[in-house]
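Shown below: upload_19.txt, with compact mmCIF, C-alpha atoms and all ligand atoms.
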# COMPACT_ATOMS: atom_id res chain seq x y z
CA MET A 1 0.00 0.00 0.00
CA LYS A 2 1.31 3.42 -0.90
CA TYR A 3 0.91 6.25 1.61
CA ASP A 4 0.98 9.95 0.86
CA TYR A 5 3.10 10.57 3.97
CA LEU A 6 5.41 8.48 6.09
CA ILE A 7 5.71 10.35 9.38
CA VAL A 8 8.69 9.40 11.55
CA GLY A 9 7.90 10.20 15.18
CA ALA A 10 4.55 10.04 17.00
CA GLY A 11 5.25 13.08 19.19
CA LEU A 12 3.23 16.28 19.00
CA PHE A 13 4.75 17.45 15.72
CA GLY A 14 4.12 14.14 13.95
CA ALA A 15 0.64 13.74 15.45
CA VAL A 16 -0.52 17.25 14.49
CA PHE A 17 0.91 16.86 10.99
CA ALA A 18 -0.83 13.50 10.53
CA HIS A 19 -4.14 14.90 11.79
CA GLU A 20 -4.05 17.88 9.44
CA ALA A 21 -2.96 15.75 6.48
CA LYS A 22 -5.81 13.31 7.12
CA LYS A 23 -8.28 16.22 7.14
CA LYS A 24 -7.04 16.99 3.60
CA GLY A 25 -7.72 13.42 2.54
CA LYS A 26 -4.09 12.28 2.70
CA LYS A 27 -3.14 8.78 3.77
CA CYS A 28 -0.50 8.70 6.49
CA LEU A 29 1.59 6.10 8.25
CA VAL A 30 3.10 7.22 11.57
CA ILE A 31 6.00 5.20 12.97
CA ASP A 32 7.86 5.51 16.26
CA LYS A 33 10.78 3.59 17.67
CA ARG A 34 9.33 3.77 21.19
CA SER A 35 6.70 1.34 22.45
CA HIS A 36 4.07 4.09 22.82
CA LEU A 37 2.63 7.11 21.03
CA GLY A 38 3.05 10.72 22.19
CA GLY A 39 6.82 11.18 22.29
CA ASN A 40 7.80 13.12 25.39
CA VAL A 41 4.25 14.04 26.42
CA TYR A 42 3.30 10.38 26.96
CA CYS A 43 1.72 9.50 30.31
CA GLU A 44 1.67 6.04 31.88
CA GLU A 45 -1.21 5.19 34.16
CA VAL A 46 -0.06 3.82 37.55
CA ASP A 47 -2.66 3.15 40.27
CA GLY A 48 -5.10 5.47 38.47
CA ILE A 49 -2.53 8.30 38.32
CA ASN A 50 -1.26 9.71 35.00
CA VAL A 51 2.52 9.66 35.36
CA HIS A 52 4.40 12.10 33.11
CA LYS A 53 7.06 9.58 32.05
CA TYR A 54 9.36 12.17 30.52
CA GLY A 55 9.11 14.95 33.11
CA ALA A 56 6.46 17.46 34.14
CA HIS A 57 4.44 18.72 31.17
CA ILE A 58 2.30 21.78 31.81
CA PHE A 59 0.46 23.22 28.87
CA HIS A 60 0.47 27.01 28.61
CA THR A 61 -0.10 29.46 25.78
CA ASN A 62 -1.18 32.99 24.98
CA ASP A 63 -2.55 31.91 21.63
CA LYS A 64 -6.32 31.37 21.74
CA ALA A 65 -6.31 29.45 18.46
CA ILE A 66 -3.81 26.90 19.86
CA TRP A 67 -5.77 26.66 23.14
CA ASP A 68 -9.01 26.03 21.23
CA TYR A 69 -7.22 23.51 19.00
CA VAL A 70 -6.00 21.33 21.91
CA ASN A 71 -9.32 21.72 23.75
CA SER A 72 -11.13 20.36 20.70
CA PHE A 73 -9.52 16.98 21.43
CA VAL A 74 -9.65 16.94 25.22
CA GLU A 75 -10.88 19.24 27.95
CA PHE A 76 -8.16 20.87 30.06
CA ASN A 77 -8.33 21.39 33.83
CA ARG A 78 -7.47 24.59 35.73
CA TYR A 79 -4.04 23.45 36.96
CA THR A 80 -1.78 26.45 37.62
CA ASN A 81 1.92 25.84 37.85
CA SER A 82 3.21 27.22 41.15
CA PRO A 83 6.36 25.33 42.04
CA VAL A 84 8.13 25.75 45.36
CA ALA A 85 11.86 25.58 45.97
CA ASN A 86 13.41 23.60 48.80
CA TYR A 87 16.80 25.02 49.77
CA LYS A 88 18.38 23.12 52.67
CA GLY A 89 14.95 22.42 54.17
CA GLU A 90 13.60 25.97 53.79
CA PHE A 91 10.73 26.59 51.36
CA TYR A 92 10.51 29.47 48.90
CA ASN A 93 7.78 30.26 46.39
CA LEU A 94 8.59 30.50 42.69
CA PRO A 95 8.73 32.41 40.42
CA PHE A 96 10.55 35.11 42.43
CA ASN A 97 7.73 37.20 43.82
CA MET A 98 6.62 39.01 46.99
CA ASN A 99 6.04 35.67 48.76
CA THR A 100 9.68 34.71 48.01
CA PHE A 101 10.99 38.09 49.16
CA TYR A 102 9.02 37.82 52.40
CA GLN A 103 10.41 34.31 52.98
CA LEU A 104 13.97 35.53 52.29
CA TRP A 105 14.01 38.86 54.12
CA LYS A 106 10.64 39.30 55.90
CA VAL A 107 10.02 42.38 53.70
CA LYS A 108 6.34 43.27 53.42
CA THR A 109 6.12 45.85 50.63
CA PRO A 110 7.35 45.98 47.03
CA GLU A 111 9.43 49.05 47.91
CA GLU A 112 11.26 47.23 50.69
CA ALA A 113 11.90 44.24 48.40
CA LYS A 114 13.20 46.46 45.59
CA SER A 115 15.53 48.24 47.93
CA VAL A 116 17.04 44.98 49.31
CA ILE A 117 17.64 43.70 45.76
CA ALA A 118 19.10 47.04 44.61
CA GLU A 119 21.43 47.11 47.63
CA GLN A 120 22.65 43.55 46.98
CA VAL A 121 23.19 44.26 43.27
CA ARG A 122 25.19 47.37 44.25
CA GLU A 123 27.30 45.39 46.74
CA VAL A 124 28.16 42.80 44.10
CA GLY A 125 29.22 45.61 41.76
CA VAL A 126 29.38 43.57 38.50
CA LYS A 127 29.36 45.84 35.46
CA ASN A 128 30.15 43.56 32.52
CA PRO A 129 29.12 40.00 33.45
CA LYS A 130 31.59 37.47 32.02
CA ASN A 131 29.77 34.31 33.06
CA LEU A 132 26.39 33.06 34.30
CA GLU A 133 27.25 33.67 37.96
CA GLU A 134 28.16 37.30 37.36
CA GLN A 135 25.13 37.79 35.14
CA ALA A 136 22.71 36.43 37.77
CA LEU A 137 24.38 38.38 40.61
CA SER A 138 24.11 41.59 38.59
CA LEU A 139 20.39 41.00 38.03
CA VAL A 140 19.11 39.76 41.42
CA GLY A 141 21.91 40.07 44.00
CA ARG A 142 23.50 37.45 46.26
CA ASP A 143 20.65 35.88 48.28
CA ILE A 144 18.37 34.90 45.41
CA TYR A 145 21.35 33.75 43.35
CA GLU A 146 22.93 31.60 46.05
CA LYS A 147 19.76 30.06 47.47
CA LEU A 148 17.60 29.65 44.40
CA ILE A 149 19.68 29.80 41.20
CA LYS A 150 23.28 28.61 41.68
CA GLY A 151 22.89 24.96 42.75
CA TYR A 152 19.91 24.29 40.48
CA THR A 153 21.61 25.74 37.40
CA GLU A 154 24.91 23.95 38.07
CA LYS A 155 23.07 20.62 38.39
CA GLN A 156 21.07 21.34 35.24
CA TRP A 157 24.15 22.01 33.11
CA GLY A 158 26.69 19.84 34.93
CA ARG A 159 29.12 22.75 35.10
CA LYS A 160 30.07 25.51 37.55
CA ALA A 161 28.12 28.73 37.08
CA THR A 162 31.44 30.54 36.61
CA GLU A 163 32.16 28.28 33.62
CA LEU A 164 28.75 28.80 32.00
CA PRO A 165 28.21 31.61 29.49
CA ALA A 166 26.28 34.67 30.67
CA PHE A 167 23.80 34.46 27.76
CA ILE A 168 22.04 31.40 29.27
CA ILE A 169 20.31 33.85 31.62
CA LYS A 170 19.05 36.81 29.64
CA ARG A 171 16.51 38.02 32.16
CA LEU A 172 15.44 36.93 35.63
CA PRO A 173 11.89 38.16 36.00
CA LEU A 174 11.10 39.55 39.46
CA ARG A 175 7.45 39.93 40.32
CA PHE A 176 6.51 42.53 42.91
CA THR A 177 3.08 41.05 43.61
CA PHE A 178 2.07 38.08 45.78
CA ASP A 179 1.50 35.88 42.72
CA ASN A 180 2.89 32.32 42.56
CA ASN A 181 1.60 31.53 39.05
CA TYR A 182 4.76 30.50 37.21
CA PHE A 183 3.54 31.35 33.72
CA ASN A 184 2.37 34.70 32.44
CA ASP A 185 0.28 33.09 29.69
CA LYS A 186 -3.45 33.60 29.47
CA TYR A 187 -4.26 29.87 29.16
CA GLN A 188 -2.79 26.95 31.10
CA GLY A 189 -3.82 23.50 32.32
CA ILE A 190 -3.45 19.75 32.02
CA PRO A 191 -5.63 17.56 29.79
CA ILE A 192 -8.27 15.90 31.98
CA GLY A 193 -7.34 12.23 31.83
CA GLY A 194 -3.76 12.95 30.67
CA TYR A 195 -1.87 13.82 27.49
CA ASN A 196 -2.56 10.45 25.87
CA LYS A 197 -6.11 11.66 25.25
CA LEU A 198 -4.75 14.56 23.21
CA ILE A 199 -2.43 12.30 21.21
CA ASN A 200 -5.10 9.62 20.69
CA GLY A 201 -7.52 12.32 19.49
CA LEU A 202 -4.97 13.67 17.02
CA LEU A 203 -4.10 10.20 15.71
CA ASP A 204 -7.66 8.87 15.61
CA GLY A 205 -8.17 6.91 12.39
CA ILE A 206 -4.49 7.12 11.39
CA GLU A 207 -2.32 4.04 10.97
CA THR A 208 0.51 3.87 13.50
CA ARG A 209 3.32 1.36 14.02
CA LEU A 210 5.36 1.24 17.21
CA GLU A 211 8.87 -0.06 17.89
CA VAL A 212 9.88 0.70 14.32
CA ASP A 213 13.22 2.49 14.02
CA PHE A 214 13.34 4.42 10.75
CA PHE A 215 17.08 3.83 10.37
CA LYS A 216 16.77 0.06 10.59
CA ASP A 217 14.65 -0.14 7.42
CA LYS A 218 15.16 3.26 5.88
CA SER A 219 14.88 2.48 2.16
CA GLU A 220 12.02 0.03 2.57
CA LEU A 221 10.04 2.51 4.69
CA MET A 222 10.76 5.43 2.37
CA ALA A 223 9.53 3.43 -0.60
CA MET A 224 6.14 3.09 1.13
CA ALA A 225 5.20 6.76 0.81
CA ASP A 226 5.40 9.68 -1.60
CA GLN A 227 6.71 12.07 1.04
CA LEU A 228 8.66 11.83 4.27
CA VAL A 229 8.02 13.86 7.42
CA PHE A 230 10.95 13.42 9.79
CA THR A 231 10.87 14.43 13.47
CA GLY A 232 13.93 12.49 14.67
CA LYS A 233 17.51 13.78 15.02
CA ILE A 234 18.61 15.69 11.93
CA ASP A 235 22.32 14.83 12.40
CA GLU A 236 21.45 11.13 12.52
CA PHE A 237 19.39 11.51 9.34
CA TYR A 238 22.50 12.78 7.54
CA ASP A 239 24.82 10.15 9.05
CA TYR A 240 26.52 12.73 11.28
CA ARG A 241 28.48 14.00 8.29
CA TYR A 242 29.10 17.41 9.89
CA GLY A 243 29.53 16.00 13.41
CA LYS A 244 27.23 15.15 16.32
CA LEU A 245 24.87 17.65 17.88
CA GLU A 246 24.99 17.69 21.69
CA TYR A 247 22.22 17.51 24.28
CA ARG A 248 21.65 17.42 28.03
CA SER A 249 19.78 14.40 29.26
CA LEU A 250 17.77 13.47 32.34
CA ASP A 251 17.27 10.30 34.37
CA PHE A 252 13.82 9.85 35.86
CA LYS A 253 13.38 7.72 38.99
CA HIS A 254 9.68 6.94 39.40
CA GLU A 255 8.40 5.55 42.71
CA THR A 256 4.92 4.55 43.96
CA LEU A 257 4.41 5.44 47.62
CA ASP A 258 1.79 3.97 49.90
CA MET A 259 0.49 7.34 51.09
CA GLU A 260 -2.03 9.87 49.87
CA ASN A 261 0.06 13.00 49.68
CA TYR A 262 3.86 13.12 49.69
CA GLN A 263 4.79 16.76 49.18
CA GLY A 264 1.56 18.73 48.76
CA ASN A 265 2.55 20.16 45.37
CA ALA A 266 3.08 18.82 41.84
CA VAL A 267 6.58 20.31 41.52
CA VAL A 268 9.20 20.95 44.20
CA ASN A 269 12.61 22.21 43.01
CA TYR A 270 15.69 21.25 45.02
CA THR A 271 18.08 24.17 44.67
CA ALA A 272 21.01 23.10 46.90
CA SER A 273 23.98 21.52 45.12
CA GLU A 274 24.29 18.70 47.71
CA ILE A 275 21.03 17.11 46.48
CA PRO A 276 21.73 15.36 43.16
CA TYR A 277 18.25 15.77 41.67
CA THR A 278 16.72 19.07 40.55
CA ARG A 279 13.04 18.36 41.12
CA ILE A 280 10.56 15.97 42.67
CA LEU A 281 7.25 15.68 40.83
CA GLU A 282 4.12 14.33 42.48
CA HIS A 283 1.92 13.50 39.52
CA LYS A 284 -1.54 13.26 41.12
CA HIS A 285 -1.46 16.99 41.90
CA PHE A 286 -1.47 17.84 38.17
CA GLU A 287 -5.03 16.49 38.12
CA PHE A 288 -6.12 17.11 41.74
CA GLY A 289 -6.04 13.34 42.29
CA THR A 290 -7.55 11.75 45.38
CA GLN A 291 -6.16 8.22 44.94
CA LYS A 292 -4.97 6.30 48.02
CA LYS A 293 -1.41 5.99 46.68
CA THR A 294 0.89 8.52 45.07
CA VAL A 295 3.63 8.44 42.42
CA VAL A 296 6.69 10.66 42.68
CA THR A 297 9.54 11.20 40.23
CA LYS A 298 13.01 12.50 40.92
CA GLU A 299 14.70 14.24 37.98
CA TYR A 300 18.49 13.84 37.71
CA PRO A 301 20.17 15.93 34.99
CA THR A 302 22.88 13.91 33.25
CA GLU A 303 25.42 14.04 30.47
CA TRP A 304 24.05 12.88 27.14
CA SER A 305 25.60 10.03 25.21
CA GLY A 306 24.31 8.02 22.28
CA ASN A 307 22.22 5.62 24.38
CA LYS A 308 20.44 8.28 26.47
CA GLU A 309 17.41 10.36 25.49
CA PRO A 310 18.40 13.70 23.97
CA TYR A 311 16.18 16.13 25.93
CA TYR A 312 17.66 19.61 25.77
CA PRO A 313 19.64 20.89 22.78
CA ILE A 314 22.79 22.76 23.79
CA ASN A 315 22.42 25.79 21.56
CA ASP A 316 25.96 27.10 21.95
CA LEU A 317 28.06 28.47 19.11
CA ARG A 318 29.62 25.15 18.10
CA ASN A 319 26.33 23.22 18.01
CA ASN A 320 24.43 26.00 16.28
CA GLU A 321 27.10 26.12 13.56
CA ILE A 322 26.83 22.38 13.02
CA TYR A 323 23.04 22.57 12.97
CA SER A 324 23.03 25.36 10.39
CA LYS A 325 25.04 23.10 8.04
CA TYR A 326 22.45 20.33 8.42
CA LYS A 327 19.67 22.84 7.90
CA THR A 328 21.21 24.11 4.65
CA LEU A 329 21.54 20.51 3.48
CA SER A 330 17.94 19.72 4.41
CA GLU A 331 16.63 22.66 2.39
CA LYS A 332 17.85 20.91 -0.77
CA ASP A 333 15.84 17.78 0.08
CA GLU A 334 12.14 17.19 -0.52
CA ILE A 335 11.76 16.01 3.06
CA ILE A 336 9.73 17.82 5.71
CA PHE A 337 11.75 18.23 8.92
CA GLY A 338 9.95 19.36 12.07
CA GLY A 339 9.91 19.23 15.87
CA ARG A 340 12.51 19.58 18.57
CA LEU A 341 15.02 16.98 17.29
CA ALA A 342 14.86 17.77 13.58
CA GLU A 343 15.05 21.53 14.18
CA TYR A 344 17.51 21.22 17.11
CA LYS A 345 15.47 23.65 19.11
CA TYR A 346 13.76 23.65 22.49
CA TYR A 347 10.05 23.89 21.76
CA ASP A 348 7.28 24.15 24.34
CA MET A 349 4.20 22.11 23.44
CA HIS A 350 2.18 25.08 22.20
CA GLN A 351 5.13 26.14 20.03
CA VAL A 352 5.63 22.74 18.43
CA ILE A 353 1.90 22.53 17.68
CA ALA A 354 1.97 26.03 16.17
CA SER A 355 4.99 25.11 14.07
CA ALA A 356 3.33 21.91 12.76
CA LEU A 357 0.12 23.81 11.95
CA ALA A 358 2.09 26.54 10.13
CA LYS A 359 3.91 23.91 8.08
CA CYS A 360 0.60 22.20 7.20
CA LYS A 361 -0.97 25.52 6.20
CA LYS A 362 1.90 26.13 3.80
CA ILE A 363 1.67 22.66 2.28
CA PHE A 364 -2.09 22.14 2.14
CA SER A 365 -3.46 25.56 1.19
P1 LIG B 401 9.09 14.31 20.62
O1 LIG B 401 7.99 14.33 21.58
O2 LIG B 401 10.45 13.98 21.13
O3 LIG B 401 8.73 13.27 19.47
C1 LIG B 401 9.68 12.77 18.55
C2 LIG B 401 9.41 11.28 18.39
O4 LIG B 401 10.23 10.79 17.31
C3 LIG B 401 9.78 10.47 19.62
O5 LIG B 401 8.67 9.73 20.07
C4 LIG B 401 10.89 9.54 19.13
O6 LIG B 401 10.84 8.25 19.72
C5 LIG B 401 10.61 9.48 17.64
N1 LIG B 401 11.80 9.12 16.85
C6 LIG B 401 13.00 9.74 16.86
N2 LIG B 401 13.85 9.11 16.03
C7 LIG B 401 13.17 8.07 15.48
C8 LIG B 401 13.51 7.04 14.57
N3 LIG B 401 14.75 6.94 14.05
N4 LIG B 401 12.57 6.14 14.21
C9 LIG B 401 11.32 6.21 14.74
N5 LIG B 401 10.95 7.16 15.63
C10 LIG B 401 11.86 8.08 15.99
N6 LIG B 401 6.60 21.78 27.01
C11 LIG B 401 5.63 22.55 27.58
O7 LIG B 401 4.89 23.23 26.86
N7 LIG B 401 5.44 22.56 28.94
C12 LIG B 401 6.22 21.83 29.78
O8 LIG B 401 6.01 21.87 30.99
C13 LIG B 401 7.26 21.03 29.22
N8 LIG B 401 8.06 20.31 30.01
C14 LIG B 401 9.06 19.56 29.46
C15 LIG B 401 9.88 18.81 30.31
C16 LIG B 401 10.90 18.04 29.79
C17 LIG B 401 11.78 17.26 30.72
C18 LIG B 401 11.13 18.03 28.38
C19 LIG B 401 12.26 17.23 27.80
C20 LIG B 401 10.31 18.76 27.53
C21 LIG B 401 9.27 19.53 28.06
N9 LIG B 401 8.40 20.26 27.23
C22 LIG B 401 7.42 21.03 27.79
C23 LIG B 401 8.57 20.25 25.77
C24 LIG B 401 7.72 19.17 25.05
O9 LIG B 401 8.12 17.90 25.50
C25 LIG B 401 7.96 19.30 23.53
O10 LIG B 401 7.48 20.54 23.08
C26 LIG B 401 7.29 18.23 22.66
O11 LIG B 401 7.30 16.98 23.24
C27 LIG B 401 8.00 18.18 21.32
O12 LIG B 401 7.36 17.29 20.44
P2 LIG B 401 8.16 16.69 19.20
O13 LIG B 401 7.17 15.96 18.37
O14 LIG B 401 8.99 17.73 18.56
O15 LIG B 401 9.23 15.69 19.84

How does the structure come out when it is put into structure tokens?
Ligand code: FAD
Amino acid sequence: MKYDYLIVGAGLFGAVFAHEAKKKGKKCLVIDKRSHLGGNVYCEEVDGINVHKYGAHIFHTNDKAIWDYVNSFVEFNRYTNSPVANYKGEFYNLPFNMNTFYQLWKVKTPEEAKSVIAEQVREVGVKNPKNLEEQALSLVGRDIYEKLIKGYTEKQWGRKATELPAFIIKRLPLRFTFDNNYFNDKYQGIPIGGYNKLINGLLDGIETRLEVDFFKDKSELMAMADQLVFTGKIDEFYDYRYGKLEYRSLDFKHETLDMENYQGNAVVNYTASEIPYTRILEHKHFEFGTQKKTVVTKEYPTEWSGNKEPYYPINDLRNNEIYSKYKTLSEKDEIIFGGRLAEYKYYDMHQVIASALAKCKKIFS
């Protein structure tokens, strides 16, 4: 059977593309090397709890069209991301706001908070930040940096803040209201019943095959369709001819606990360097779960090597130069490249959906 499109990758990009193509009467085959659909938004049900297998996924967007699009497949709940930070046993609200400033310094008004921060920035006296540490100190002063940024960032990147480039932190938003809502976007929430409902809705009526690695049967698979949509790693697609792109990876340690409520919040960040993980997730709180048990996940940032999942692209000068060579090469091919791995770009969910819809609009209209 000949398909119009062979879509490699059943993540959000592949699923949205397949859905839109089907609406235009195109016949698609979606393959994925994993044993499930959904890519990194996949949830596994454990004791009635939707476990975010690849880390906390919170949907947020300012774009009403994207919000309406996802809500046409599944209703979203009113979950609001308001993580807390645990630094050596003390709790601080995030993002940095009046609650955090009160917890740090017992200040009660925005004016008092601004003056403490201004004083600390003055004391540090950094004029031209040469690394991430200096950049952060020059923006928020010593207390916020040392308690809430330093350890977390060093764990995330596996390097000292003094060895990281300043550009990683462009801004550090400070909020002078008592508002713990992490995102500024107009719309946010979690699909009621989990992300699999969104993916299953998108892929409804479309043929999918799991545990199929494109590179194992490349020519046979390509011969099955007129056009290829590729959402895997672009450097792998071109046999690494310009070198390997680098990533940061994560290890997830999932655990079921025989208790109703472990930490009282979906996300708790651990900001001290002595603790090897960056966050503990408690999944039931994403959906206001009332199950008898709970599932928690510790996130350990790790080096990436060939056999680990490539989660975060490292968009430094070297990698961006390599990627731009692959991109130039890909523009000469008839293949459609999309998504976080093929575009070597960190995409939030709403952004990857918008990018797939934009691509479809160009092709199908
Ligand atoms: P993916 O979901 O990675 O899908 C690509 C698929 O291609 C994968 O399933 C892979 O198995 C498959 N594939 C690759 N190579 C091959 C091959 N050779 N053969 C067959 N199949 C192949 N976004 C938010 O908006 N909010 C959040 O809170 C949020 N949290 C995140 C937390 C973490 C830890 C991470 C890593 C990401 C987070 N994101 C979040 C981003 C979100 O995961 C992405 O926007 C989205 O998953 C990207 O979809 P995609 O289709 O591009 O990639």

Task: Shell around stretch 90-104 of chain A at 8 Å using only C-alpha atoms, local window under 5 positions removed, as a PyMOL selection string - done: chain A and resi 82-85+109-110+113+143+173-182

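With distances taken over only C-alpha atoms and all ligand atoms, A:His36 is the one residue among A:His36, A:Lys127, A:Lys64, A:Lys298 lying closest to ligand LIG 401 (chain B).
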
Build an axis-aligned box that encloses every atom of ligand LIG 401 (chain B) listed in the file, pad it by 5 Å on each side, and report its centre and edge lengths in Å to one decimal, as AutoDock Vina command-line options.
--center_x 9.8 --center_y 14.7 --center_z 22.5 --size_x 19.9 --size_y 27.1 --size_z 26.9

Task: Spatial neighbours of A:Phe237, max dist 10 Å, all atoms listed in the file, sep filter under 4 positions, as a VMD selection string - done: chain A and resid 214 to 215 218 230 to 233 241 326 330 342

- [ ] Using all atoms listed in the file, give me every residue within 9 Å of (22.1, 33.2, 38.0) in file coordinates, as number ranges by chain.
- [x] A: 132-140, 144-146, 148-150, 153, 161, 166, 168-169, 172

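With all atoms listed in the file taken into account, every residue lying no more than 10 Å from the file point (1.2, 12.7, 38.2) is included here: Cys43, Glu44, Glu45, Val46, Gly48, Ile49, Asn50, Val51, His52, Lys53, Gly55, Ala56, His57, Gly194, Ala266, Val267, Leu281, Glu282, His283, Lys284, His285, Phe286, Glu287, Phe288, Gly289, Thr294, Val295, Val296 and Thr297 of chain A.
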